[in-house]
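Shown next, in structure tokens, is the structure this report addresses.
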Amino acid sequence: MVIDLLKSHTSVRSYTDEHLSTETVRELVTAGQHAASSHFVQAYSVIHVTDASVREKLGEYSKNPHQFNGAGAALVFCADFHRLQTAAALHDRSIDYSHAEALLVGTIDVALFAQNVAIAAESKGYGICYIGGVRNSPAEISELLKLPEGVVPMFGMTIGVPAKSNEVKPRLPVDAVLHENMYDASNYEEILRDYDATMETYYETRSSNRKHAGWTEQMADFLQSPQRPYMKEFLRDRGFNFD
């Protein structure tokens with residue numbers, strides 16, 4: 001069942017030597033294209049990196065060399081308004097994607113598209129891992145992949161045959177994320193304390209990389225200061241000016 005497939009997802013970071021063919025990647029991307037899209041703008045593109053030297057640079061810039069160099073396929077997903085600019089030019093017109101709503105539309109479109117690709121890959125027995133590290137060096141990666149203005153690398157994805165299986169990481173209880181009629185935070189402290197205990201047990205008993213940690217403290221550590229503060233300036237350089 002599809003629901004069982006969705007609930008079995010784990011991030012796969014080690015793959016066998018089997019490479020995905022171009023035809024397989026095209027099949028997965030075609031499935032990805034059938035995701036919902038705001039106003040059907042389809043504001044996304046994906047770069048399939050097959051050149052070994054480009055992959056090596058991508059791994060270096062993203063600080064994920066093991067992932068990109070060892071995967072069966074390496075993809076970089078982009079929010080893309082350049083193609084839409086070309087569409088408007090066919091009618092001697094131009095578009096304005098400098099505002100925040102356009103960035104949200106592109107971000108949501110590419111995320112939905114990528115998740116369809118991920119599910120399609122997992123349905124065929126492959127493993128996947130999203131690589132947010134692409135945003136560690138967005139300008140360098142944009143130059144490497146020759147991305148024009150209006151195109152922003154949002155994240156990568158590696159796909160391949162898993163070298164080993166990982167345990168499914170416990171998610172927040174549904175009561176923490178599902179609200180009825182109005183937002184209700186009254187039980188958060190109790191729910192989060194219980195979830196900390198669940199995550200501590202998971203981390204202490206999983207088959208590799210064991211540690212003693214809860215969820216709330218990890219989130220406090222991670223979010224206490226801004227992440228990748230250079231992204232605002234980079235986005236402005238790509239045409240997203242928020243004016």
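Ligands are numbered from 1 in the order shown, chains are lettered A, B, ... in the order of the structure tokens, and residues start at 1 in each chain.
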Practice task
Give the helix (DSSP H, G or I) residues of region 18-238 of chain A, as DSSP finds them on the backbone, and put them as a count of residues only.
Solution key: 113
Handout entry: Those in region 10-153 of chain A with strand (DSSP E or B) from DSSP, as a PyMOL selection string
Key = chain A and resi 11+15+44-48+73-80+127-131+151-153
Restricted to C-alpha atoms, what would the selected residues look like written as an mmCIF file, in the first residue's frame?
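Below you can see again.cif, which holds the result:
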data_model
loop_
_atom_site.group_PDB
_atom_site.id
_atom_site.type_symbol
_atom_site.label_atom_id
_atom_site.label_comp_id
_atom_site.auth_asym_id
_atom_site.auth_seq_id
_atom_site.Cartn_x
_atom_site.Cartn_y
_atom_site.Cartn_z
ATOM 1 C CA SER A 11 17.233 8.609 4.600
ATOM 2 C CA TYR A 15 24.545 2.945 -1.713
ATOM 3 C CA TYR A 44 10.919 24.013 -10.958
ATOM 4 C CA SER A 45 13.808 22.363 -12.772
ATOM 5 C CA VAL A 46 16.120 19.530 -11.788
ATOM 6 C CA ILE A 47 19.736 19.010 -12.819
ATOM 7 C CA HIS A 48 20.803 15.368 -13.250
ATOM 8 C CA ALA A 73 21.994 9.216 -9.322
ATOM 9 C CA ALA A 74 22.671 12.768 -8.155
ATOM 10 C CA LEU A 75 20.031 15.470 -8.627
ATOM 11 C CA VAL A 76 19.836 19.164 -7.786
ATOM 12 C CA PHE A 77 16.326 20.600 -7.501
ATOM 13 C CA CYS A 78 15.807 24.275 -8.348
ATOM 14 C CA ALA A 79 13.049 26.830 -8.115
ATOM 15 C CA ASP A 80 12.850 28.153 -11.678
ATOM 16 C CA GLY A 127 16.622 4.697 -1.360
ATOM 17 C CA ILE A 128 16.899 8.481 -1.362
ATOM 18 C CA CYS A 129 18.343 11.282 0.705
ATOM 19 C CA TYR A 130 17.598 14.987 0.491
ATOM 20 C CA ILE A 131 20.748 17.151 0.590
ATOM 21 C CA VAL A 151 16.859 29.848 -10.963
ATOM 22 C CA VAL A 152 17.808 28.942 -7.389
ATOM 23 C CA PRO A 153 19.302 25.618 -6.204
#
Handout entry: Gap from CA of Thr50 (chain A) to CA of Leu145 (chain A) - Å, one decimal
Key =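 The value is 11.6 Å.
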Practice task
Point out the residue among A:Ile141, A:Val29, A:Met199, A:Ala121 with the least atom-to-atom distance to Arg55 (chain A), counting only C-alpha atoms.
Solution key: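 Answer, going by the shortest atom-to-atom distance: A:Ile141.
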Exercise for the section: Tell me, in Å to one decimal, how far CA of Ser123 (chain A) is from CA of Val2 (chain A). Expected result: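 Going from CA of Ser123 (chain A) over to CA of Val2 (chain A) covers 8.5 Å.
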Write out, as a tab-separated table, each residue of region 57-126 of chain A that has an atom at most 12 Å from region 154-157 of chain A, together with the closest pair of atoms and their distance in Å to one decimal, counting only C-alpha atoms, rows going by chain and rising number.
residue	atom	partner	partner_atom	distance
A:Leu58	CA	A:Gly156	CA	9.6
A:Gly59	CA	A:Gly156	CA	10.2
A:Tyr61	CA	A:Gly156	CA	11.8
A:Ser62	CA	A:Gly156	CA	9.0
A:Lys63	CA	A:Gly156	CA	11.8
A:Asn64	CA	A:Gly156	CA	10.1
A:Gln67	CA	A:Met157	CA	9.1
A:Phe68	CA	A:Met157	CA	8.6
A:Ala71	CA	A:Met157	CA	9.4
A:Gly72	CA	A:Met157	CA	10.7
A:Ala73	CA	A:Met157	CA	8.3
A:Ala74	CA	A:Met157	CA	6.1
A:Leu75	CA	A:Met157	CA	5.1
A:Val76	CA	A:Gly156	CA	4.2
A:Phe77	CA	A:Phe155	CA	5.6
A:Cys78	CA	A:Met154	CA	5.3
A:Ala79	CA	A:Met154	CA	6.7
A:Asp80	CA	A:Met154	CA	10.1
A:Leu103	CA	A:Met154	CA	11.0
A:Leu104	CA	A:Met154	CA	11.9
A:Gly106	CA	A:Met154	CA	9.7
A:Thr107	CA	A:Met154	CA	7.7
A:Ile108	CA	A:Met154	CA	10.7
A:Asp109	CA	A:Met154	CA	11.2
A:Val110	CA	A:Met154	CA	8.2
A:Ala111	CA	A:Met154	CA	8.8
A:Phe113	CA	A:Met157	CA	12.0
A:Ala114	CA	A:Met157	CA	8.3
A:Gln115	CA	A:Met157	CA	10.0
A:Val117	CA	A:Met157	CA	9.5
A:Ala118	CA	A:Met157	CA	8.4
A:Ala121	CA	A:Met157	CA	11.0
Practice task
Find the distance between CA of Ser165 (chain A) and CA of Glu60 (chain A) and write it in Å to one decimal.
Solution key: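 Result for CA of Ser165 (chain A) versus CA of Glu60 (chain A): 25.9 Å, one decimal.
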Exercise for the section: Using only C-alpha atoms, pick whichever of A:Ser186, A:Thr158, A:Gln218, A:Thr201 has the shortest atom-to-atom distance to Pro170 (chain A). Expected result: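 Closest residue, counting only C-alpha atoms: A:Thr201.
With distances restricted to only C-alpha atoms, A:Glu27 is the closest residue to Asn116 (chain A) from A:Asp17, A:Glu27, A:Glu143, A:Glu233.
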